[in-house]
$ cat run.txt   # compact mmCIF, C-alpha atoms
# COMPACT_ATOMS: atom_id res chain seq x y z
CA GLN A 20 -61.21 -47.43 32.23
CA SER A 21 -58.21 -49.38 33.45
CA LEU A 22 -55.37 -50.30 31.13
CA GLY A 23 -53.27 -53.33 32.00
CA GLY A 24 -49.56 -53.73 31.44
CA GLU A 25 -46.80 -51.21 31.83
CA GLY A 26 -47.23 -47.45 31.99
CA CYS A 27 -45.40 -47.10 28.68
CA SER A 28 -48.66 -48.17 27.00
CA LEU A 29 -49.90 -44.64 27.74
CA LEU A 30 -47.10 -42.81 25.98
CA PRO A 31 -49.12 -42.19 22.79
CA HIS A 32 -51.86 -40.51 24.87
CA GLY A 33 -51.68 -36.77 25.51
CA HIS A 34 -53.90 -37.02 28.59
CA PHE A 35 -54.09 -39.87 31.13
CA TRP A 36 -54.01 -40.76 34.82
CA ILE A 37 -51.84 -43.04 36.96
CA ALA A 38 -53.02 -44.16 40.38
CA SER A 39 -51.97 -46.14 43.44
CA GLN A 40 -52.85 -46.75 47.06
CA ARG A 41 -49.41 -45.34 47.94
CA VAL A 42 -48.76 -42.02 46.23
CA VAL A 43 -46.12 -39.76 47.78
CA ALA A 44 -47.54 -36.26 47.37
CA LEU A 45 -48.57 -33.17 49.32
CA GLY A 46 -46.63 -34.27 52.40
CA ARG A 47 -48.36 -37.63 52.75
CA VAL A 48 -48.45 -41.20 51.48
CA GLY A 49 -51.84 -42.59 50.56
CA PRO A 50 -54.39 -43.27 47.83
CA ALA A 51 -54.28 -40.77 44.98
CA ALA A 52 -54.29 -40.36 41.23
CA VAL A 53 -51.95 -38.21 39.18
CA GLU A 54 -53.21 -36.52 36.04
CA VAL A 55 -50.66 -36.25 33.23
CA LYS A 56 -51.44 -33.86 30.39
CA GLU A 57 -49.10 -33.29 27.45
CA GLY A 58 -46.19 -34.76 29.41
CA LEU A 59 -46.68 -32.64 32.55
CA ILE A 60 -48.38 -33.31 35.90
CA ASN A 61 -51.63 -31.37 35.70
CA ALA A 62 -53.36 -32.36 38.94
CA ILE A 63 -53.30 -34.76 41.90
CA ALA A 64 -56.56 -36.21 43.19
CA VAL A 65 -56.06 -37.34 46.79
CA GLY A 66 -58.28 -39.99 48.35
CA ASP A 67 -60.92 -41.91 46.44
CA TYR A 68 -59.83 -40.89 42.97
CA ARG A 69 -62.27 -42.97 40.93
CA SER A 70 -64.87 -40.21 40.81
CA PHE A 71 -62.27 -37.81 39.37
CA VAL A 72 -61.09 -40.06 36.58
CA LEU A 73 -63.79 -40.07 33.93
CA ARG A 74 -63.41 -41.02 30.30
CA ARG A 75 -59.60 -40.93 30.49
CA PRO A 76 -57.07 -43.79 30.26
CA LEU A 77 -56.01 -44.91 33.74
CA VAL A 78 -53.32 -47.27 34.99
CA ASP A 79 -53.90 -48.36 38.58
CA TYR A 80 -50.67 -49.65 40.13
CA GLY A 81 -52.34 -51.09 43.22
CA ASP A 82 -49.96 -50.89 46.20
CA ALA A 83 -46.87 -49.93 44.18
CA VAL A 84 -45.37 -46.58 45.17
CA ILE A 85 -45.79 -43.57 42.89
CA MET A 86 -43.41 -40.77 43.86
CA PRO A 87 -41.38 -37.92 42.37
CA GLY A 88 -38.30 -39.17 40.56
CA LEU A 89 -35.01 -38.90 42.45
CA ILE A 90 -31.89 -37.18 41.11
CA ASP A 91 -28.44 -38.74 41.59
CA VAL A 92 -25.73 -36.18 40.84
CA HIS A 93 -22.83 -38.59 41.45
CA ALA A 94 -23.01 -41.51 39.04
CA HIS A 95 -20.24 -43.34 37.18
CA LEU A 96 -21.44 -44.64 33.81
CA ASP A 97 -18.13 -45.88 32.50
CA GLU A 98 -18.68 -45.81 28.74
CA PRO A 99 -16.81 -45.55 26.52
CA GLY A 100 -13.92 -47.77 27.51
CA ARG A 101 -15.00 -49.55 30.71
CA ALA A 102 -18.56 -50.75 30.17
CA GLU A 103 -17.70 -53.91 32.13
CA TRP A 104 -17.53 -51.71 35.25
CA GLU A 105 -20.90 -50.08 34.57
CA GLY A 106 -22.42 -49.01 31.28
CA PHE A 107 -25.23 -46.68 30.24
CA SER A 108 -27.77 -49.45 29.73
CA THR A 109 -27.18 -51.28 33.01
CA GLY A 110 -26.64 -48.12 35.05
CA THR A 111 -29.76 -46.32 33.87
CA ARG A 112 -31.90 -49.47 34.13
CA ALA A 113 -30.79 -49.87 37.74
CA ALA A 114 -31.53 -46.20 38.39
CA ALA A 115 -35.06 -46.51 37.00
CA ALA A 116 -35.68 -49.63 39.11
CA GLY A 117 -34.74 -47.65 42.21
CA GLY A 118 -36.91 -44.62 41.48
CA ILE A 119 -34.11 -42.43 40.11
CA THR A 120 -35.12 -40.56 36.96
CA THR A 121 -32.06 -38.35 36.45
CA LEU A 122 -28.35 -39.20 36.71
CA VAL A 123 -25.41 -36.83 36.34
CA ASP A 124 -22.38 -38.76 35.13
CA MET A 125 -18.94 -38.17 36.62
CA PRO A 126 -16.10 -37.31 34.20
CA LEU A 127 -13.76 -40.15 35.10
CA ASN A 128 -13.67 -43.96 35.04
CA SER A 129 -14.68 -44.02 31.40
CA PHE A 130 -11.86 -43.96 28.87
CA PRO A 131 -11.13 -41.35 27.79
CA SER A 132 -12.15 -39.11 30.68
CA THR A 133 -14.55 -36.25 29.93
CA VAL A 134 -12.11 -33.33 29.94
CA SER A 135 -12.66 -31.74 26.51
CA GLU A 136 -15.36 -31.04 23.97
CA GLU A 137 -14.10 -33.99 21.94
CA THR A 138 -14.22 -36.49 24.80
CA LEU A 139 -17.67 -35.26 25.83
CA LYS A 140 -18.87 -36.00 22.30
CA LEU A 141 -17.49 -39.54 22.59
CA LYS A 142 -19.40 -39.94 25.85
CA VAL A 143 -22.66 -38.66 24.33
CA ASP A 144 -22.24 -40.90 21.28
CA ALA A 145 -21.67 -43.91 23.54
CA ALA A 146 -24.92 -43.16 25.37
CA ARG A 147 -27.17 -43.11 22.32
CA ASP A 148 -30.09 -45.56 22.41
CA LYS A 149 -28.97 -46.91 25.80
CA LEU A 150 -30.69 -44.57 28.26
CA TYR A 151 -33.70 -45.45 30.42
CA VAL A 152 -33.59 -42.22 32.48
CA ASP A 153 -32.40 -38.66 31.86
CA VAL A 154 -28.61 -38.22 31.98
CA GLY A 155 -26.43 -35.12 32.29
CA PHE A 156 -22.65 -34.87 32.40
CA TRP A 157 -19.96 -33.35 34.59
CA GLY A 158 -16.72 -32.31 32.92
CA GLY A 159 -13.26 -32.66 34.42
CA LEU A 160 -10.99 -29.79 35.46
CA VAL A 161 -7.42 -30.97 34.87
CA PRO A 162 -4.14 -29.06 34.43
CA GLU A 163 -4.37 -29.14 30.63
CA ASN A 164 -7.70 -27.33 30.39
CA ALA A 165 -7.34 -25.26 33.57
CA LEU A 166 -4.45 -23.37 31.96
CA ASN A 167 -6.18 -23.16 28.58
CA PRO A 168 -9.35 -21.04 28.94
CA SER A 169 -10.47 -21.58 25.35
CA LYS A 170 -10.32 -25.36 25.79
CA LEU A 171 -12.21 -25.16 29.07
CA GLU A 172 -14.82 -22.85 27.55
CA SER A 173 -15.37 -25.24 24.65
CA LEU A 174 -16.11 -28.02 27.16
CA LEU A 175 -18.56 -25.79 29.03
CA ASN A 176 -20.20 -24.63 25.82
CA ALA A 177 -20.61 -28.26 24.77
CA GLY A 178 -23.06 -28.74 27.63
CA VAL A 179 -21.43 -30.07 30.81
CA LEU A 180 -23.35 -29.03 33.91
CA GLY A 181 -20.22 -28.21 35.90
CA LEU A 182 -16.70 -29.44 36.58
CA LYS A 183 -14.97 -31.83 38.95
CA SER A 184 -11.34 -31.82 40.04
CA PHE A 185 -8.97 -33.80 42.28
CA MET A 186 -6.28 -32.22 44.46
CA CYS A 187 -4.96 -35.72 45.14
CA PRO A 188 -4.27 -38.61 42.74
CA SER A 189 -7.55 -39.69 41.13
CA GLY A 190 -6.38 -43.21 40.34
CA ILE A 191 -7.15 -42.64 36.65
CA ASN A 192 -4.17 -41.95 34.40
CA ASP A 193 -5.88 -39.47 32.07
CA PHE A 194 -7.43 -37.50 34.94
CA PRO A 195 -4.39 -35.90 36.64
CA MET A 196 -4.61 -34.00 39.90
CA THR A 197 -4.75 -30.21 40.10
CA ASN A 198 -3.06 -27.75 42.43
CA SER A 199 -4.28 -24.44 43.85
CA SER A 200 -3.15 -22.50 40.78
CA HIS A 201 -5.14 -24.77 38.46
CA ILE A 202 -8.22 -24.37 40.65
CA GLU A 203 -7.89 -20.58 40.70
CA GLU A 204 -7.49 -20.41 36.92
CA GLY A 205 -10.42 -22.72 36.36
CA LEU A 206 -12.67 -20.71 38.66
CA VAL A 207 -12.07 -17.58 36.61
CA THR A 208 -13.55 -19.33 33.58
CA LEU A 209 -16.30 -21.08 35.54
CA ALA A 210 -17.47 -17.77 37.03
CA LYS A 211 -18.45 -16.58 33.56
CA TYR A 212 -20.78 -19.56 33.18
CA LYS A 213 -22.10 -19.65 36.76
CA ARG A 214 -21.61 -23.39 37.00
CA PRO A 215 -20.35 -25.35 40.02
CA LEU A 216 -16.95 -26.89 40.67
CA LEU A 217 -16.73 -30.09 42.72
CA ILE A 218 -13.34 -30.65 44.34
CA HIS A 219 -11.75 -33.64 46.02
CA ALA A 220 -9.93 -31.28 48.37
CA GLU A 221 -7.45 -33.74 49.92
CA ARG A 222 -4.62 -31.43 49.01
CA ILE A 223 -1.14 -32.82 49.54
CA PRO A 224 0.71 -30.24 51.71
CA ASP A 225 3.92 -28.71 50.39
CA VAL A 226 5.58 -28.97 53.82
CA SER A 227 7.05 -31.92 55.68
CA SER A 228 7.44 -31.26 59.42
CA ASP A 229 4.65 -31.90 61.92
CA GLU A 230 5.04 -28.40 63.31
CA GLU A 231 4.46 -26.84 59.90
CA LEU A 232 1.48 -29.14 59.28
CA ASP A 233 -0.45 -28.01 62.35
CA GLY A 234 -2.16 -25.16 60.55
CA GLU A 235 -2.81 -27.24 57.44
CA LEU A 236 -4.65 -29.90 59.45
CA ASP A 237 -6.86 -27.47 61.37
CA PRO A 238 -10.27 -27.44 59.62
CA ARG A 239 -10.94 -24.00 61.11
CA SER A 240 -7.68 -22.39 60.01

$ encode --input "run.txt" --output "structure tokens"
Amino acid sequence: QSLGGEGCSLLPHGHFWIASQRVVALGRVGPAAVEVKEGLINAIAVGDYRSFVLRRPLVDYGDAVIMPGLIDVHAHLDEPGRAEWEGFSTGTRAAAAGGITTLVDMPLNSFPSTVSEETLKLKVDAARDKLYVDVGFWGGLVPENALNPSKLESLLNAGVLGLKSFMCPSGINDFPMTNSSHIEEGLVTLAKYKRPLLIHAERIPDVSSDEELDGELDPRS
């Protein structure tokens, strides 16, 4: 059986197949069918799949590519506050069109920036009913929460996947830069949660003469 239209027509079914002449699987690209059972990939039939697919709904996508969804861990979905730059609806639609099924949203460019439990909640509320792919969130490490462990822990407990910080001006007023002390304090808290810290490490040196800068500019020092 072949069902026309979009794959979403199969969502009510607990068991179905999708097929194409170009399936990326098992280290190759070629004809195959993918069995989906209760929302999970159950099997992949490589080659002439028609004999495998019996009495189950099937969508055959012809020459369209079927492949694992990509993950983009550096996305800027600028809601609330700057949806005209890029919003949840447009950003996640574009991701889906390009084969990306998961985005992780950066903590700045929206307003306010995602630097506290409260601002994360605003971000999540802004995303409701606008997502076409899965979305996770980075939180921001800034001086205010770096020196306040309870505030930083509340942000981590609220569900951010990790933190991001700038050691140079970020260009966003409510996302101030951090120094080495802020980073060290933040890492103490992050270590308890075993989550990553992303750093724009363009640290502005505290010295002025070229002679003193030699060591600072050596990437192996």

$ residues_around --input "run.txt" --residues "A:Tyr68" --least-positions-apart "2" --cutoff "12 Å" --atoms "all atoms listed in the file" --output "list in words"
Trp36, Ile37, Ala38, Ser39, Gln40, Val42, Gly49, Pro50, Ala51, Ala52, Val53, Glu54, Ala62, Ile63, Ala64, Val65, Gly66, Ser70, Phe71, Val72, Leu73, Leu77 and Asp79 of chain A

$ write_last_selection --input "run.txt" --atoms "C-alpha atoms" --output "CSV table (one decimal), in the coordinates of the input"
chain,number,residue,atom,x,y,z
A,36,TRP,CA,-54.0,-40.8,34.8
A,37,ILE,CA,-51.8,-43.0,37.0
A,38,ALA,CA,-53.0,-44.2,40.4
A,39,SER,CA,-52.0,-46.1,43.4
A,40,GLN,CA,-52.8,-46.8,47.1
A,42,VAL,CA,-48.8,-42.0,46.2
A,49,GLY,CA,-51.8,-42.6,50.6
A,50,PRO,CA,-54.4,-43.3,47.8
A,51,ALA,CA,-54.3,-40.8,45.0
A,52,ALA,CA,-54.3,-40.4,41.2
A,53,VAL,CA,-52.0,-38.2,39.2
A,54,GLU,CA,-53.2,-36.5,36.0
A,62,ALA,CA,-53.4,-32.4,38.9
A,63,ILE,CA,-53.3,-34.8,41.9
A,64,ALA,CA,-56.6,-36.2,43.2
A,65,VAL,CA,-56.1,-37.3,46.8
A,66,GLY,CA,-58.3,-40.0,48.4
A,70,SER,CA,-64.9,-40.2,40.8
A,71,PHE,CA,-62.3,-37.8,39.4
A,72,VAL,CA,-61.1,-40.1,36.6
A,73,LEU,CA,-63.8,-40.1,33.9
A,77,LEU,CA,-56.0,-44.9,33.7
A,79,ASP,CA,-53.9,-48.4,38.6

$ residues_around --input "run.txt" --residues "A:Arg101" --least-positions-apart "2" --cutoff "10 Å" --atoms "only C-alpha atoms" --output "ChimeraX atom specification"
/A:96-99,103-106,128-131

$ write_last_selection --input "run.txt" --atoms "C-alpha atoms" --output "PDB file, keeping the file's coordinate frame"
ATOM      1  CA  LEU A  96     -21.440 -44.640  33.810  1.00  0.00           C
ATOM      2  CA  ASP A  97     -18.130 -45.880  32.500  1.00  0.00           C
ATOM      3  CA  GLU A  98     -18.680 -45.810  28.740  1.00  0.00           C
ATOM      4  CA  PRO A  99     -16.810 -45.550  26.520  1.00  0.00           C
ATOM      5  CA  GLU A 103     -17.700 -53.910  32.130  1.00  0.00           C
ATOM      6  CA  TRP A 104     -17.530 -51.710  35.250  1.00  0.00           C
ATOM      7  CA  GLU A 105     -20.900 -50.080  34.570  1.00  0.00           C
ATOM      8  CA  GLY A 106     -22.420 -49.010  31.280  1.00  0.00           C
ATOM      9  CA  ASN A 128     -13.670 -43.960  35.040  1.00  0.00           C
ATOM     10  CA  SER A 129     -14.680 -44.020  31.400  1.00  0.00           C
ATOM     11  CA  PHE A 130     -11.860 -43.960  28.870  1.00  0.00           C
ATOM     12  CA  PRO A 131     -11.130 -41.350  27.790  1.00  0.00           C
TER      13      PRO A 131
END

$ closest_residue --input "run.txt" --among "A:Lys142, A:His34, A:His201, A:Lys149" --to "A:Ala165" --atoms "only C-alpha atoms"
A:His201

$ closest_residue --input "run.txt" --among "A:Met186, A:Val134, A:Val152, A:Leu45" --to "A:Asn164" --atoms "only C-alpha atoms"
A:Val134

$ atom_distance --input "run.txt" --atom1 "atom CA of A:Thr121" --atom2 "atom CA of A:Glu221"
28.4 Å

$ axis_aligned_box --input "run.txt" --around "stretch 58-63 of chain A" --padding-each-side "8 Å" --output "AutoDock Vina command-line options"
--center_x -49.8 --center_y -33.1 --center_z 35.7 --size_x 23.2 --size_y 19.4 --size_z 28.5

$ closest_residue --input "run.txt" --among "A:Met86, A:Leu166, A:Ala44, A:Ala146" --to "A:Gly110" --atoms "all atoms listed in the file"
A:Ala146

$ atom_distance --input "run.txt" --atom1 "atom CA of A:Ile90" --atom2 "atom CA of A:Lys56"
22.5 Å

$ closest_residue --input "run.txt" --among "A:Phe156, A:Ile223, A:Phe107, A:Leu150" --to "A:Asp124" --atoms "all atoms listed in the file"
A:Phe156

$ closest_residue --input "run.txt" --among "A:Val43, A:Val92, A:Ile202, A:Val78" --to "A:Gly155" --atoms "all atoms listed in the file"
A:Val92

$ closest_residue --input "run.txt" --among "A:Ser189, A:Thr120, A:Asn167, A:Ser173" --to "A:Gly205" --atoms "all atoms listed in the file"
A:Asn167

$ atom_distance --input "run.txt" --atom1 "atom CA of A:Ala83" --atom2 "atom CA of A:Ala114"
16.8 Å
